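*Asks:* Input work.tsv, format and content: TSV, C-alpha atoms.
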chain	number	residue	atom	x	y	z
A	1	ASP	CA	20.65	-4.77	-0.02
A	2	TRP	CA	21.27	-1.09	0.67
A	3	LEU	CA	18.30	-0.89	3.03
A	4	ALA	CA	19.32	-4.03	4.92
A	5	GLU	CA	22.80	-2.55	5.39
A	6	TYR	CA	21.31	0.74	6.57
A	7	CYS	CA	19.11	-0.98	9.17
A	8	ARG	CA	21.70	-3.49	10.40
A	9	PRO	CA	23.41	-1.29	13.07
A	10	TYR	CA	19.98	-0.53	14.57
A	11	GLU	CA	18.18	-3.86	14.25
A	12	SER	CA	16.03	-3.28	17.34
A	13	ARG	CA	14.77	0.07	15.98
A	14	LEU	CA	14.75	-0.06	12.18
A	15	LYS	CA	12.97	-2.67	10.06
A	16	GLY	CA	13.03	-2.77	6.30
A	17	ILE	CA	10.31	-3.37	3.71
A	18	ALA	CA	11.43	-5.17	0.55
A	19	MET	CA	11.02	-3.72	-2.91
A	20	ILE	CA	10.36	-6.38	-5.52
A	21	PRO	CA	10.35	-6.74	-9.34
A	22	MET	CA	6.60	-6.86	-9.98
A	23	GLN	CA	7.22	-7.15	-13.74
A	24	ASP	CA	8.37	-10.72	-13.06
A	25	PRO	CA	6.20	-12.26	-10.29
A	26	GLN	CA	8.29	-15.44	-10.08
A	27	ALA	CA	11.47	-13.41	-9.63
A	28	ALA	CA	9.57	-11.27	-7.13
A	29	ARG	CA	8.66	-14.39	-5.22
A	30	ALA	CA	12.32	-15.40	-4.95
A	31	GLU	CA	13.29	-11.88	-3.89
A	32	ILE	CA	10.63	-11.83	-1.15
A	33	ARG	CA	12.04	-15.02	0.33
A	34	ARG	CA	15.63	-13.74	0.12
A	35	ALA	CA	14.68	-10.38	1.66
A	36	VAL	CA	12.79	-11.94	4.55
A	37	GLU	CA	14.94	-14.97	5.34
A	38	HIS	CA	18.40	-13.51	4.64
A	39	LEU	CA	18.03	-9.73	4.97
A	40	GLY	CA	15.56	-9.55	7.87
A	41	MET	CA	12.84	-7.61	6.06
A	42	VAL	CA	9.44	-7.56	7.80
A	43	GLY	CA	7.19	-6.83	4.82
A	44	VAL	CA	6.88	-6.37	1.07
A	45	GLN	CA	6.10	-3.20	-0.85
A	46	VAL	CA	3.95	-3.40	-3.97
A	47	LEU	CA	2.57	-0.73	-6.25
A	48	THR	CA	-1.17	-0.12	-6.45
A	49	ASN	CA	-1.01	-1.32	-10.05
A	50	PHE	CA	1.76	-2.34	-12.41
A	51	SER	CA	1.69	-1.09	-15.99
A	52	GLY	CA	-2.06	-0.68	-15.63
A	53	LYS	CA	-2.62	-4.25	-14.42
A	54	LEU	CA	-4.89	-4.47	-11.39
A	55	LEU	CA	-3.56	-6.42	-8.45
A	56	HIS	CA	-6.24	-9.14	-8.47
A	57	GLU	CA	-5.12	-10.37	-11.89
A	58	PRO	CA	-3.76	-13.94	-11.55
A	59	ASP	CA	-0.32	-12.86	-12.83
A	60	PHE	CA	0.47	-11.46	-9.38
A	61	ASP	CA	-0.67	-14.49	-7.36
A	62	PRO	CA	2.91	-15.78	-6.82
A	63	ILE	CA	3.63	-12.58	-4.86
A	64	TRP	CA	0.63	-13.00	-2.55
A	65	LYS	CA	1.32	-16.71	-2.10
A	66	GLU	CA	4.92	-16.13	-1.04
A	67	ALA	CA	4.09	-13.31	1.37
A	68	GLU	CA	1.30	-15.35	2.92
A	69	GLY	CA	3.53	-18.40	3.27
A	70	LEU	CA	6.28	-16.39	4.97
A	71	GLY	CA	3.79	-14.62	7.22
A	72	VAL	CA	4.82	-11.10	6.16
A	73	PRO	CA	2.41	-8.32	5.14
A	74	VAL	CA	2.10	-6.61	1.78
A	75	CYS	CA	2.21	-2.81	1.80
A	76	ALA	CA	0.41	-1.31	-1.20
A	77	HIS	CA	1.94	2.12	-1.72
A	78	ILE	CA	0.48	4.96	-3.73
A	79	ILE	CA	2.16	5.77	-7.06
A	80	SER	CA	2.22	8.85	-9.27
A	81	THR	CA	2.39	7.13	-12.68
A	82	ASN	CA	-0.37	5.09	-14.29
A	83	SER	CA	-2.69	6.43	-11.58
A	84	ALA	CA	-6.43	6.49	-12.17
A	85	ALA	CA	-7.77	9.64	-13.82
A	86	VAL	CA	-4.66	11.79	-13.28
A	87	ASP	CA	-4.24	12.19	-17.03
A	88	ARG	CA	-7.50	14.17	-17.01
A	89	PHE	CA	-5.97	17.00	-15.01
A	90	ASP	CA	-3.80	19.81	-16.33
A	91	ARG	CA	-2.32	20.86	-12.98
A	92	TYR	CA	-0.19	18.99	-10.47
A	93	ILE	CA	-2.36	20.19	-7.58
A	94	PHE	CA	-5.29	18.14	-8.87
A	95	LYS	CA	-3.20	15.16	-9.91
A	96	HIS	CA	-1.72	15.01	-6.41
A	97	ALA	CA	-5.11	15.45	-4.72
A	98	PHE	CA	-6.50	12.38	-6.47
A	99	TYR	CA	-3.58	9.95	-6.20
A	100	ALA	CA	-5.60	8.09	-3.56
A	101	LEU	CA	-7.96	6.83	-6.26
A	102	ASP	CA	-5.43	4.21	-7.24
A	103	THR	CA	-5.19	2.98	-3.66
A	104	MET	CA	-8.96	2.59	-3.61
A	105	LEU	CA	-8.72	0.39	-6.70
A	106	ALA	CA	-6.00	-1.66	-5.01
A	107	ALA	CA	-8.15	-2.08	-1.90
A	108	ASN	CA	-10.97	-3.29	-4.13
A	109	SER	CA	-8.66	-5.93	-5.60
A	110	PHE	CA	-7.93	-7.33	-2.14
A	111	VAL	CA	-11.37	-7.17	-0.47
A	112	ALA	CA	-13.67	-7.69	-3.48
A	113	GLY	CA	-11.44	-8.81	-6.36
A	114	GLY	CA	-10.59	-12.15	-4.81
A	115	ILE	CA	-7.02	-11.78	-3.49
A	116	LEU	CA	-7.93	-12.31	0.16
A	117	GLU	CA	-10.38	-15.06	-0.77
A	118	ARG	CA	-7.51	-16.94	-2.46
A	119	PHE	CA	-4.98	-16.07	0.25
A	120	PRO	CA	-7.01	-15.72	3.47
A	121	LYS	CA	-3.99	-15.49	5.78
A	122	LEU	CA	-2.39	-12.62	3.87
A	123	LYS	CA	-2.16	-9.22	5.57
A	124	VAL	CA	-2.18	-6.01	3.56
A	125	ALA	CA	-1.67	-2.35	4.46
A	126	PHE	CA	-2.66	0.57	2.24
A	127	MET	CA	-0.14	3.37	2.54
A	128	GLU	CA	0.09	7.12	1.88
A	129	ALA	CA	-3.52	7.59	0.79
A	130	GLY	CA	-5.13	8.48	4.11
A	131	ALA	CA	-8.14	6.58	5.40
A	132	GLY	CA	-11.12	8.92	5.15
A	133	TRP	CA	-12.26	7.18	1.96
A	134	VAL	CA	-12.47	3.72	3.53
A	135	PRO	CA	-16.05	3.94	4.95
A	136	TRP	CA	-17.32	5.18	1.58
A	137	LEU	CA	-15.61	2.32	-0.26
A	138	LEU	CA	-16.95	-0.17	2.27
A	139	ASP	CA	-20.55	0.98	1.70
A	140	ARG	CA	-20.12	1.17	-2.07
A	141	LEU	CA	-18.63	-2.31	-2.45
A	142	ASN	CA	-21.07	-3.87	-0.01
A	143	GLU	CA	-24.04	-2.44	-1.91
A	144	HIS	CA	-22.81	-3.98	-5.15
A	145	PHE	CA	-21.96	-7.26	-3.44
A	146	GLU	CA	-25.57	-7.44	-2.21
A	147	LEU	CA	-27.17	-6.37	-5.50
A	148	LEU	CA	-24.91	-8.17	-8.00
A	149	PRO	CA	-23.48	-11.19	-6.15
A	150	ASP	CA	-23.29	-13.22	-9.37
A	151	GLN	CA	-20.55	-10.85	-10.59
A	152	MET	CA	-18.42	-11.69	-7.55
A	153	PRO	CA	-18.87	-15.49	-7.46
A	154	TRP	CA	-15.50	-15.93	-5.73
A	155	GLN	CA	-16.51	-13.90	-2.64
A	156	ARG	CA	-17.40	-16.01	0.41
A	157	ARG	CA	-17.02	-13.04	2.72
A	158	SER	CA	-18.39	-9.56	2.04
A	159	PRO	CA	-16.04	-6.65	1.31
A	160	GLU	CA	-17.05	-5.17	4.66
A	161	GLN	CA	-16.03	-8.34	6.51
A	162	TRP	CA	-12.61	-8.27	4.86
A	163	ILE	CA	-12.07	-4.54	5.50
A	164	LYS	CA	-12.91	-5.04	9.18
A	165	SER	CA	-10.80	-8.19	9.48
A	166	ASP	CA	-7.26	-8.58	10.83
A	167	ASN	CA	-6.11	-8.85	7.21
A	168	CYS	CA	-6.46	-5.12	6.41
A	169	PHE	CA	-4.72	-2.01	7.71
A	170	PHE	CA	-4.85	1.62	6.56
A	171	ALA	CA	-2.25	4.35	7.14
A	172	ILE	CA	-3.77	7.62	8.31
A	173	GLU	CA	-2.61	11.19	7.78
A	174	PRO	CA	-2.05	12.91	11.18
A	175	GLU	CA	-4.36	15.81	10.32
A	176	GLU	CA	-7.27	13.79	8.89
A	177	ARG	CA	-10.45	14.97	10.58
A	178	THR	CA	-12.22	11.72	9.77
A	179	ILE	CA	-9.97	9.50	11.92
A	180	PRO	CA	-12.50	9.09	14.79
A	181	PHE	CA	-15.28	8.19	12.36
A	182	VAL	CA	-13.11	5.76	10.39
A	183	ALA	CA	-12.02	4.06	13.62
A	184	GLN	CA	-15.66	3.73	14.65
A	185	MET	CA	-16.66	2.33	11.26
A	186	ILE	CA	-13.91	-0.24	10.64
A	187	GLY	CA	-12.29	-0.70	14.05
A	188	GLU	CA	-9.46	0.98	15.92
A	189	GLU	CA	-7.18	-1.97	15.15
A	190	ARG	CA	-7.14	-1.13	11.44
A	191	LEU	CA	-5.32	2.24	11.56
A	192	LEU	CA	-1.57	2.95	11.31
A	193	TYR	CA	0.68	5.97	11.79
A	194	ALA	CA	2.79	7.10	8.84
A	195	SER	CA	5.21	10.03	8.82
A	196	ASP	CA	5.24	10.51	5.02
A	197	TYR	CA	8.86	11.67	5.40
A	198	SER	CA	10.40	13.25	3.37
A	199	HIS	CA	7.76	14.45	0.95
A	200	TRP	CA	7.06	18.16	0.50
A	201	ASP	CA	3.63	17.91	2.15
A	202	CYS	CA	4.63	15.82	5.19
A	203	MET	CA	4.29	17.13	8.75
A	204	CYS	CA	7.68	15.77	9.87
A	205	PRO	CA	9.16	16.30	12.42
A	206	ASP	CA	5.82	17.11	14.06
A	207	SER	CA	3.65	14.28	12.73
A	208	VAL	CA	3.71	12.29	15.99
A	209	LYS	CA	3.16	15.44	17.99
A	210	ALA	CA	0.15	16.29	15.82
A	211	ILE	CA	-1.50	12.99	16.75
A	212	PHE	CA	-0.58	13.26	20.44
A	213	GLU	CA	-2.11	16.73	20.69
A	214	ARG	CA	-5.45	15.85	19.13
A	215	SER	CA	-8.35	16.10	21.55
A	216	ASP	CA	-10.80	14.11	19.42
A	217	ILE	CA	-8.79	10.87	19.63
A	218	SER	CA	-8.58	8.85	22.83
A	219	ASP	CA	-5.23	7.94	24.36
A	220	LYS	CA	-6.11	4.31	23.74
A	221	LEU	CA	-6.59	4.92	20.02
A	222	LYS	CA	-3.42	7.04	19.82
A	223	LYS	CA	-1.41	4.14	21.24
A	224	LYS	CA	-2.93	1.75	18.72
A	225	ILE	CA	-2.21	4.08	15.79
A	226	LEU	CA	1.35	4.89	16.89
A	227	CYS	CA	2.42	1.51	18.19
A	228	ASP	CA	0.21	-1.50	18.76
A	229	ASN	CA	-1.32	-1.91	15.30
A	230	ALA	CA	2.02	-1.72	13.48
A	231	ALA	CA	3.48	-4.25	15.91
A	232	ARG	CA	0.66	-6.66	15.04
A	233	LEU	CA	0.94	-6.03	11.31
A	234	PHE	CA	4.71	-6.57	11.14
A	235	ASN	CA	4.90	-9.30	13.82
A	236	LEU	CA	7.15	-7.20	16.07
When written as structure tokens, how does the structure in this file appear?

*Replies:*
Amino acid sequence: DWLAEYCRPYESRLKGIAMIPMQDPQAARAEIRRAVEHLGMVGVQVLTNFSGKLLHEPDFDPIWKEAEGLGVPVCAHIISTNSAAVDRFDRYIFKHAFYALDTMLAANSFVAGGILERFPKLKVAFMEAGAGWVPWLLDRLNEHFELLPDQMPWQRRSPEQWIKSDNCFFAIEPEERTIPFVAQMIGEERLLYASDYSHWDCMCPDSVKAIFERSDISDKLKKKILCDNAARLFNL
């Protein structure tokens, strides 16, 4: 409600993403519909896991079903609690460096764990984890899909096909050196700009400038990252 009120004076410029009660998927489903139909939200935020539950567990299916039915994307956002392996580290610097591991597990749930197979019109974006890991995950999952297909009996499409499809988007970090390679591997249409404002390690207010000034990214790709891909994802 607060976010809808904040965006309302600037409806042509600001669009909200709904936060939902993942602990109660049926209540979350009702909140998604309210947020989209009555508050004008253009997407749904989910955590990369909830209380240790992976996203492909059937408990969360009402969330994916509602988002798919309303035609709005799900944005899986990195979290700092219940994150994979962070309890093994004794310093924040290492915990923070490996937060992206949880986003990789979430991506697995969508492209290999069966979510997109059950909800093939659903769109999902993976946020605040960068994108340099995506080609590695693609190769790793594809290898196991080829070698152990009986352990993924629900998969009609390979993980690579889903990652490269119009269902999946990945938010980049402006300074990631791997952006050109990732774009080549999975397609320029898969990558999104994110400011990461107002975290301590964000490049704001120079994050857009950092992308514009890069010489290793074409103007065409810059436009897709900064504008076109988000417009497609959020139906703008």

*Asks:* Taking (0.5, -18.4, -4.7) in the file's coordinates as the center, which residues reach within 12 Å of it, counting only C-alpha atoms, put as a PyMOL selection string?

*Replies:* chain A and resi 25-26+28-29+58-70+115-116+118-122

*Asks:* Show me, as an MDAnalysis selection string, the residues that have an atom within 10 Å of A:Gln161 when counting only C-alpha atoms, minus same-chain residues fewer than 5 positions from it.

*Replies:* chainID A and resid 111 138 142 156 166:167 186

*Asks:* So that I can see what lies close to A:Ser218, please list as a list in words the residues with an atom at most 10 Å from it, counting all atoms listed in the file and leaving out residues fewer than 6 positions away in the same chain.

*Replies:*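 So the residues in contact are Pro180, Phe212 and Lys224 of chain A.
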
*Asks:* Place a sphere of radius 7 Å on (-16.4, 3.1, 7.5) in the file coordinates and name every protein, DNA or RNA residue with an atom inside or on its surface, counting all atoms listed in the file; give the answer as a ChimeraX atom specification.

*Replies:* /A:134-136,138,182,185-186

*Asks:* Have a look at A:Val36, A:Cys204, A:Leu192, A:Leu137 and name the one nearest to A:Cys227; count all atoms listed in the file.

*Replies:* A:Leu192

*Asks:* Point out the residue among A:Asp201, A:Asp196, A:Asp216, A:Asp24 with the least atom-to-atom distance to A:Thr178, counting all atoms listed in the file.

*Replies:*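 Going through A:Asp201, A:Asp196, A:Asp216, A:Asp24 one by one, the smallest distance to A:Thr178 is for A:Asp216.
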
*Asks:* If we count all atoms listed in the file, what is near A:Asn229 at a cut-off of 9 Å, once residues fewer than 2 positions away on the same chain are taken out, given as an MDAnalysis selection string?

*Replies:* chainID A and resid 169 188:193 223:227 231:234
